[in-house]
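Listing of start.tsv; format and content: TSV, C-alpha atoms.
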```tsv
chain	number	residue	atom	x	y	z
A	24	MET	CA	-19.28	-21.53	12.88
A	25	VAL	CA	-17.37	-20.47	16.00
A	26	LEU	CA	-17.67	-16.80	16.95
A	27	ARG	CA	-14.88	-14.97	18.74
A	28	CYS	CA	-14.78	-11.41	20.04
A	29	ALA	CA	-12.23	-9.18	18.27
A	30	TRP	CA	-12.59	-6.15	20.57
A	31	GLY	CA	-9.42	-5.05	22.39
A	32	THR	CA	-8.02	-7.84	24.55
A	33	CYS	CA	-11.39	-9.58	24.99
A	34	ASN	CA	-11.11	-13.37	24.73
A	35	VAL	CA	-14.80	-14.30	24.64
A	36	ASP	CA	-15.31	-17.43	22.59
A	37	GLU	CA	-18.63	-19.24	22.23
A	38	ARG	CA	-16.79	-22.55	22.69
A	39	TYR	CA	-16.37	-21.52	26.33
A	40	PRO	CA	-19.84	-20.79	27.79
A	41	GLU	CA	-18.36	-19.59	31.09
A	42	ARG	CA	-17.07	-16.50	29.28
A	43	LEU	CA	-20.58	-15.61	28.06
A	44	GLN	CA	-22.15	-14.42	31.28
A	45	ASN	CA	-24.87	-11.92	32.20
A	46	GLY	CA	-26.64	-12.29	28.85
A	47	VAL	CA	-23.63	-11.31	26.74
A	48	LYS	CA	-24.15	-11.99	23.03
A	49	LEU	CA	-21.75	-12.04	20.10
A	50	ILE	CA	-22.64	-9.69	17.23
A	51	LEU	CA	-21.19	-10.40	13.80
A	52	PHE	CA	-18.91	-7.89	12.10
A	53	PRO	CA	-20.39	-5.93	9.17
A	54	LYS	CA	-19.46	-7.47	5.83
A	55	PRO	CA	-16.84	-5.42	3.93
A	56	LYS	CA	-18.52	-6.12	0.58
A	57	THR	CA	-21.89	-4.75	1.62
A	58	ASN	CA	-21.02	-2.23	4.37
A	59	LEU	CA	-17.37	-1.23	4.02
A	60	HIS	CA	-17.52	2.06	5.94
A	61	LYS	CA	-19.21	0.52	8.97
A	62	CYS	CA	-16.75	-2.39	8.91
A	63	LEU	CA	-13.81	0.05	8.94
A	64	ARG	CA	-15.32	1.89	11.92
A	65	TRP	CA	-15.65	-1.36	13.86
A	66	ILE	CA	-12.05	-2.35	13.04
A	67	LYS	CA	-10.81	1.00	14.35
A	68	ALA	CA	-12.97	0.76	17.49
A	69	CYS	CA	-11.59	-2.71	18.32
A	70	GLY	CA	-8.08	-1.22	18.50
A	71	ARG	CA	-6.15	-4.37	17.59
A	72	PRO	CA	-2.88	-4.23	15.56
A	73	HIS	CA	-3.31	-4.13	11.81
A	74	GLU	CA	-1.73	-7.54	11.25
A	75	GLN	CA	-4.32	-9.07	13.63
A	76	LEU	CA	-7.44	-7.27	12.44
A	77	ASN	CA	-7.94	-5.78	8.97
A	78	ILE	CA	-10.30	-6.01	6.02
A	79	GLN	CA	-8.72	-9.25	4.78
A	80	ARG	CA	-9.19	-10.93	8.18
A	81	ILE	CA	-12.91	-10.16	8.50
A	82	ASN	CA	-14.77	-13.46	8.15
A	83	LYS	CA	-17.75	-15.32	9.57
A	84	HIS	CA	-15.91	-15.96	12.85
A	85	LYS	CA	-15.24	-12.28	13.73
A	86	ALA	CA	-17.70	-10.68	16.15
A	87	VAL	CA	-17.97	-8.18	19.02
A	88	CYS	CA	-19.56	-8.76	22.43
A	89	SER	CA	-22.74	-6.85	23.15
A	90	LYS	CA	-21.15	-5.53	26.37
A	91	HIS	CA	-18.70	-3.45	24.31
A	92	PHE	CA	-21.48	-1.15	23.07
A	93	VAL	CA	-23.03	1.85	24.77
A	94	GLY	CA	-25.57	0.48	27.26
A	95	GLY	CA	-24.04	-3.00	27.17
A	96	ASN	CA	-26.84	-4.50	25.08
A	97	GLY	CA	-25.46	-4.23	21.56
A	98	PRO	CA	-25.78	-1.53	18.89
A	99	ILE	CA	-28.55	1.04	18.99
A	100	VAL	CA	-29.64	3.75	16.56
A	101	GLU	CA	-27.58	6.54	18.15
A	102	PHE	CA	-24.55	4.33	18.85
A	103	PRO	CA	-24.36	1.60	16.16
A	104	ASP	CA	-20.59	1.11	16.61
A	105	PRO	CA	-18.67	-0.47	19.52
A	106	LEU	CA	-16.94	1.59	22.19
A	107	GLN	CA	-13.39	2.67	21.47
A	108	ALA	CA	-10.98	0.10	22.91
A	109	ASP	CA	-8.41	2.83	23.59
A	110	GLY	CA	-10.87	4.58	25.95
A	111	SER	CA	-11.52	7.64	23.78
A	112	ALA	CA	-14.89	9.35	23.99
A	113	VAL	CA	-17.79	8.17	21.86
A	114	ARG	CA	-20.21	10.56	20.16
A	115	PRO	CA	-23.63	9.76	18.72
A	116	THR	CA	-23.73	8.98	15.03
A	117	ARG	CA	-24.28	12.04	12.89
A	118	PRO	CA	-27.34	11.82	10.64
A	119	LEU	CA	-26.86	12.00	6.92
A	120	ARG	CA	-26.58	15.58	5.76
A	121	LYS	CA	-29.20	16.73	3.30
A	122	ARG	CA	-28.31	19.13	0.54
A	123	THR	CA	-31.01	21.52	-0.61
A	124	SER	CA	-30.95	23.37	-3.86
A	125	THR	CA	-33.42	25.95	-5.08
A	126	PHE	CA	-34.31	26.85	-8.58
A	127	THR	CA	-36.77	29.11	-10.40
A	128	GLU	CA	-39.02	27.65	-12.99
A	129	SER	CA	-38.24	29.04	-16.42
A	130	ASN	CA	-40.99	27.36	-18.38
A	131	PRO	CA	-42.36	29.21	-21.41
A	132	VAL	CA	-45.74	30.96	-21.15
A	133	SER	CA	-48.49	28.42	-21.27
A	134	LYS	CA	-51.52	28.58	-23.54
A	135	LYS	CA	-53.67	29.53	-20.54
A	136	LYS	CA	-51.48	32.56	-19.77
A	137	LYS	CA	-51.54	33.61	-23.43
A	138	LEU	CA	-55.32	33.41	-23.42
A	139	LEU	CA	-55.51	35.52	-20.24
A	140	CYS	CA	-53.21	38.13	-21.73
A	141	THR	CA	-55.33	38.29	-24.90
A	142	THR	CA	-58.50	38.69	-22.83
A	143	ASP	CA	-56.92	41.48	-20.74
A	144	ILE	CA	-55.95	43.35	-23.87
A	145	GLU	CA	-59.47	43.12	-25.23
A	146	HIS	CA	-60.87	44.51	-21.96
A	147	GLY	CA	-58.26	47.27	-21.88
A	148	GLU	CA	-56.41	46.09	-18.83
A	149	ASP	CA	-52.68	46.67	-18.28
A	150	VAL	CA	-50.77	43.71	-19.66
A	151	ASN	CA	-47.47	44.74	-17.98
A	152	SER	CA	-49.04	44.76	-14.53
A	153	THR	CA	-50.53	41.29	-15.11
A	154	THR	CA	-47.19	39.94	-16.33
A	155	GLU	CA	-45.32	41.44	-13.37
A	156	THR	CA	-47.83	39.90	-10.97
A	157	GLU	CA	-47.46	36.47	-12.56
A	158	THR	CA	-43.68	36.80	-12.58
A	159	SER	CA	-43.58	37.69	-8.90
A	160	ASN	CA	-45.89	34.77	-8.12
A	161	ASN	CA	-43.69	32.38	-10.08
A	162	THR	CA	-40.57	33.65	-8.35
A	163	SER	CA	-42.05	33.31	-4.90
A	164	SER	CA	-43.34	29.82	-5.64
A	165	GLY	CA	-40.00	28.85	-7.22
A	166	ASN	CA	-38.11	29.87	-4.11
A	167	ASN	CA	-40.21	27.48	-2.10
A	168	ILE	CA	-39.36	24.50	-4.33
A	169	SER	CA	-36.42	22.46	-3.02
A	170	ILE	CA	-34.88	19.11	-3.83
A	171	GLN	CA	-33.57	17.01	-0.96
A	172	THR	CA	-30.76	14.60	-1.79
A	173	GLU	CA	-28.89	12.30	0.58
A	174	GLU	CA	-25.11	12.60	0.61
A	175	PRO	CA	-22.99	9.90	2.35
A	176	TRP	CA	-20.76	11.27	5.08
A	177	ILE	CA	-17.30	9.81	5.68
A	178	SER	CA	-15.62	10.55	8.99
A	179	PRO	CA	-11.90	11.42	9.25
A	180	PHE	CA	-11.33	8.12	11.05
A	181	GLU	CA	-12.69	6.22	8.08
A	182	MET	CA	-10.50	8.21	5.72
A	183	PHE	CA	-7.49	7.44	7.92
A	184	ALA	CA	-8.32	3.71	7.96
A	185	MET	CA	-8.70	3.62	4.18
A	186	ALA	CA	-5.41	5.47	3.73
A	187	THR	CA	-3.71	2.97	6.06
A	188	GLU	CA	-5.08	0.04	4.06
A	189	LEU	CA	-3.84	1.64	0.83
A	190	HIS	CA	-0.39	2.22	2.32
A	191	VAL	CA	-0.13	-1.39	3.50
A	192	SER	CA	-1.22	-2.68	0.08
A	193	ARG	CA	1.46	-0.60	-1.62
A	194	GLU	CA	4.13	-1.85	0.78
A	195	LYS	CA	3.11	-5.45	0.07
A	196	GLU	CA	3.28	-4.73	-3.64
A	197	LYS	CA	6.84	-3.45	-3.25
A	198	GLN	CA	7.79	-6.59	-1.29
A	199	TYR	CA	6.31	-8.81	-4.00
A	200	GLU	CA	8.22	-6.91	-6.68
A	201	ALA	CA	11.47	-7.32	-4.73
A	202	THR	CA	10.80	-11.05	-4.34
A	203	ILE	CA	10.15	-11.39	-8.07
A	204	CYS	CA	13.43	-9.60	-8.87
A	205	THR	CA	15.31	-11.91	-6.48
A	206	LEU	CA	13.79	-15.00	-8.09
A	207	LYS	CA	14.69	-13.74	-11.55
A	208	GLU	CA	18.31	-13.26	-10.44
A	209	GLU	CA	18.42	-16.79	-9.02
A	210	ILE	CA	17.00	-18.23	-12.24
A	211	LYS	CA	19.62	-16.35	-14.24
A	212	GLU	CA	22.41	-17.67	-12.01
A	213	LEU	CA	21.12	-21.25	-12.41
A	214	LYS	CA	21.00	-20.88	-16.18
A	215	ASP	CA	24.57	-19.52	-16.23
A	216	LYS	CA	25.69	-22.40	-14.05
A	217	LEU	CA	24.06	-24.96	-16.33
A	218	SER	CA	25.62	-23.39	-19.41
A	219	SER	CA	29.07	-23.40	-17.75
A	220	ASP	CA	28.62	-27.09	-16.85
A	221	ASP	CA	27.85	-27.88	-20.49
A	222	GLN	CA	31.06	-26.14	-21.58
A	223	LYS	CA	33.32	-28.17	-19.30
A	224	PRO	CA	36.16	-29.94	-21.20
A	225	SER	CA	35.69	-33.66	-21.90
A	226	PHE	CA	37.72	-36.21	-19.98
A	227	GLY	CA	41.08	-36.97	-21.65
A	228	VAL	CA	44.88	-36.85	-21.38
A	229	ASP	CA	44.99	-33.06	-21.39
A	230	GLU	CA	42.37	-32.82	-18.66
A	231	VAL	CA	44.17	-35.37	-16.46
A	232	ILE	CA	47.50	-33.55	-16.88
A	233	ARG	CA	45.83	-30.24	-16.02
A	234	ARG	CA	44.32	-31.66	-12.86
A	235	GLU	CA	47.54	-33.48	-11.87
A	236	GLY	CA	48.88	-30.15	-10.57
A	237	LYS	CA	46.40	-30.42	-7.70
A	238	LEU	CA	46.16	-34.21	-7.44
A	239	LYS	CA	49.56	-35.91	-7.37
A	240	ASN	CA	50.08	-39.02	-9.54
A	241	LEU	CA	46.59	-38.71	-11.03
A	242	PHE	CA	47.80	-39.88	-14.44
A	243	LYS	CA	49.31	-43.02	-12.91
A	244	TYR	CA	46.07	-43.57	-11.03
A	245	TYR	CA	44.13	-43.81	-14.32
A	246	THR	CA	46.74	-45.55	-16.56
A	247	GLY	CA	49.10	-47.38	-14.18
A	248	ILE	CA	52.16	-45.60	-15.65
A	249	VAL	CA	53.50	-42.09	-15.49
A	250	TYR	CA	52.95	-39.65	-18.33
A	251	LEU	CA	56.51	-39.91	-19.75
A	252	ARG	CA	56.23	-43.66	-20.23
A	253	PHE	CA	52.75	-43.22	-21.67
A	254	ALA	CA	54.08	-40.71	-24.19
A	255	GLY	CA	56.92	-43.08	-25.18
A	256	LEU	CA	54.53	-45.98	-25.61
A	257	LEU	CA	52.21	-43.84	-27.70
A	258	ALA	CA	55.11	-42.74	-29.93
A	259	PHE	CA	56.14	-46.36	-30.45
A	260	LEU	CA	52.63	-47.51	-31.33
A	261	VAL	CA	51.60	-44.53	-33.47
A	262	SER	CA	54.02	-43.22	-36.08
A	263	ASP	CA	54.59	-39.50	-36.64
A	264	GLY	CA	51.93	-37.74	-38.70
A	265	SER	CA	49.22	-40.31	-38.02
A	266	SER	CA	46.42	-40.28	-35.51
A	267	VAL	CA	44.17	-42.73	-33.74
A	268	ASN	CA	40.64	-42.75	-35.16
A	269	TYR	CA	37.68	-44.23	-33.35
A	270	GLU	CA	34.74	-45.58	-35.27
A	271	LYS	CA	31.36	-44.68	-33.88
A	272	GLY	CA	27.96	-46.18	-34.51
A	273	ARG	CA	28.90	-49.76	-35.29
A	274	LYS	CA	25.87	-51.82	-34.42
A	275	ASP	CA	27.60	-55.18	-34.84
A	276	ILE	CA	30.09	-54.32	-32.08
A	277	ASN	CA	27.29	-53.20	-29.75
A	278	VAL	CA	25.35	-56.43	-30.41
A	279	SER	CA	28.40	-58.66	-29.81
A	280	LEU	CA	29.16	-56.83	-26.58
A	281	ARG	CA	25.62	-57.45	-25.38
A	282	HIS	CA	25.80	-61.19	-26.15
A	283	SER	CA	29.18	-61.50	-24.43
A	284	ALA	CA	27.75	-59.83	-21.34
A	285	TYR	CA	25.08	-62.51	-21.12
```
Serialized structure, structure tokens:
Amino acid sequence: MVLRCAWGTCNVDERYPERLQNGVKLILFPKPKTNLHKCLRWIKACGRPHEQLNIQRINKHKAVCSKHFVGGNGPIVEFPDPLQADGSAVRPTRPLRKRTSTFTESNPVSKKKKLLCTTDIEHGEDVNSTTETETSNNTSSGNNISIQTEEPWISPFEMFAMATELHVSREKEKQYEATICTLKEEIKELKDKLSSDDQKPSFGVDEVIRREGKLKNLFKYYTGIVYLRFAGLLAFLVSDGSSVNYEKGRKDINVSLRHSAY
């Protein structure tokens, strides 16, 4: 596996050790399948044209030099992404925002509370004051209960990169559709051409006469005589009202022709 740096115009390649100086290391790109958002951030930071570096081109050979990170020693907790190749400022990574939600317990009165209320009534104490006290205690304790949930944060740059990828995919889809339409038209033209070839007239006297307008003495080329003499000869050999019939499928003639050829 040969690693190459994909950051900006860097040409570091581990096949050339002279380019890896001062302890520079090559750090693999995040995998799109397991860490898509981080991979998109790295692609944007590298600043290369889309046709050179995109999600489809991320493989086991793509990496970034450790010198292209803050501090020059690779990613750290505050700066896990490479420096921006276009020279823009880099800010520390924002921690995941935590959403808090409060609620008040609305559980029914437990058996213990019912027993206390019954005991207070027997001793003549004020039930309303006891209930108000318990309610205020429940409210105050409920306000202190909170649920912390982690919510993934997507930066505007990531949204822009994803929108760009979607736009490129749609453009490619349109190109594929146009190519398919063109191929369908070509197939239709070929079919029409084949059907027109099948409908061409068979070779005969009429066809030779028709083509003799463009090719002079074509009839004489095939028969050795001009058409007028051919017509006179045909009238002499074939009487009016009769026609020349050709027998097809005679096996004895085909067999005799084969033997004569040998």
* With a distance cut-off of 6 Å and only C-alpha atoms, select the neighbouring residues of Gly31 of chain A, excluding the residue or stretch itself and same-chain residues fewer than 3 positions from it, and output the selection as a ChimeraX atom specification. => /A:69-71,108
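Going from atom CA of Ala86 of chain A to atom CA of Glu181 of chain A covers 19.4 Å.
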* Show which residues sit within 10 Å of Val113 of chain A, as a list in words. Count only C-alpha atoms, and ignore same-chain residues fewer than 3 positions away. =>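 Returned residues: Ala68, Val93, Phe102, Asp104, Pro105, Leu106, Gln107, Gly110 and Thr116 of chain A.
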* To do: Show which residues sit within 12 Å of Glu235 of chain A, as a PyMOL selection string. Count all atoms listed in the file, and ignore same-chain residues fewer than 5 positions away.
  => chain A and resi 228-230+240-245+249-250
* Selection: 10 Å around Gly97 of chain A, all atoms listed in the file, excl. self and same-chain fewer than 6 positions, as a PyMOL selection string -> chain A and resi 47-50+87-91+103-105
Serialized selection, C-alpha atoms, as a PDB file, in the frame of the given file:
```
ATOM      1  CA  VAL A  47     -23.630 -11.310  26.740  1.00  0.00           C
ATOM      2  CA  LYS A  48     -24.150 -11.990  23.030  1.00  0.00           C
ATOM      3  CA  LEU A  49     -21.750 -12.040  20.100  1.00  0.00           C
ATOM      4  CA  ILE A  50     -22.640  -9.690  17.230  1.00  0.00           C
ATOM      5  CA  VAL A  87     -17.970  -8.180  19.020  1.00  0.00           C
ATOM      6  CA  CYS A  88     -19.560  -8.760  22.430  1.00  0.00           C
ATOM      7  CA  SER A  89     -22.740  -6.850  23.150  1.00  0.00           C
ATOM      8  CA  LYS A  90     -21.150  -5.530  26.370  1.00  0.00           C
ATOM      9  CA  HIS A  91     -18.700  -3.450  24.310  1.00  0.00           C
ATOM     10  CA  PRO A 103     -24.360   1.600  16.160  1.00  0.00           C
ATOM     11  CA  ASP A 104     -20.590   1.110  16.610  1.00  0.00           C
ATOM     12  CA  PRO A 105     -18.670  -0.470  19.520  1.00  0.00           C
TER      13      PRO A 105
END
```
Residue neighbourhood segment 182-197 of chain A, 12 Å, only C-alpha atoms, exclusion window fewer than 6 positions, as a tab-separated table (two decimals) with C-alpha atoms, keeping the file's coordinate frame:
```tsv
chain	number	residue	atom	x	y	z
A	59	LEU	CA	-17.37	-1.23	4.02
A	60	HIS	CA	-17.52	2.06	5.94
A	61	LYS	CA	-19.21	0.52	8.97
A	62	CYS	CA	-16.75	-2.39	8.91
A	63	LEU	CA	-13.81	0.05	8.94
A	64	ARG	CA	-15.32	1.89	11.92
A	65	TRP	CA	-15.65	-1.36	13.86
A	66	ILE	CA	-12.05	-2.35	13.04
A	67	LYS	CA	-10.81	1.00	14.35
A	68	ALA	CA	-12.97	0.76	17.49
A	70	GLY	CA	-8.08	-1.22	18.50
A	72	PRO	CA	-2.88	-4.23	15.56
A	73	HIS	CA	-3.31	-4.13	11.81
A	74	GLU	CA	-1.73	-7.54	11.25
A	76	LEU	CA	-7.44	-7.27	12.44
A	77	ASN	CA	-7.94	-5.78	8.97
A	78	ILE	CA	-10.30	-6.01	6.02
A	79	GLN	CA	-8.72	-9.25	4.78
A	176	TRP	CA	-20.76	11.27	5.08
A	203	ILE	CA	10.15	-11.39	-8.07
A	204	CYS	CA	13.43	-9.60	-8.87
```
* Expressed in Å to a single decimal, how great is the separation between atom CA of Ser111 of chain A and atom CA of Asn58 of chain A? ->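 We find that atom CA of Ser111 of chain A and atom CA of Asn58 of chain A lie 23.8 Å from each other.
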* Asked: In Å, how far is it from atom CA of Glu37 of chain A to atom CA of Val25 of chain A?
  ->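 Between these atoms lies a distance of 6.5 Å.
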* **From A:Gly255, A:His84, A:Phe226, A:Pro53, residue lying nearest Arg38 of chain A [only C-alpha atoms]** => A:His84
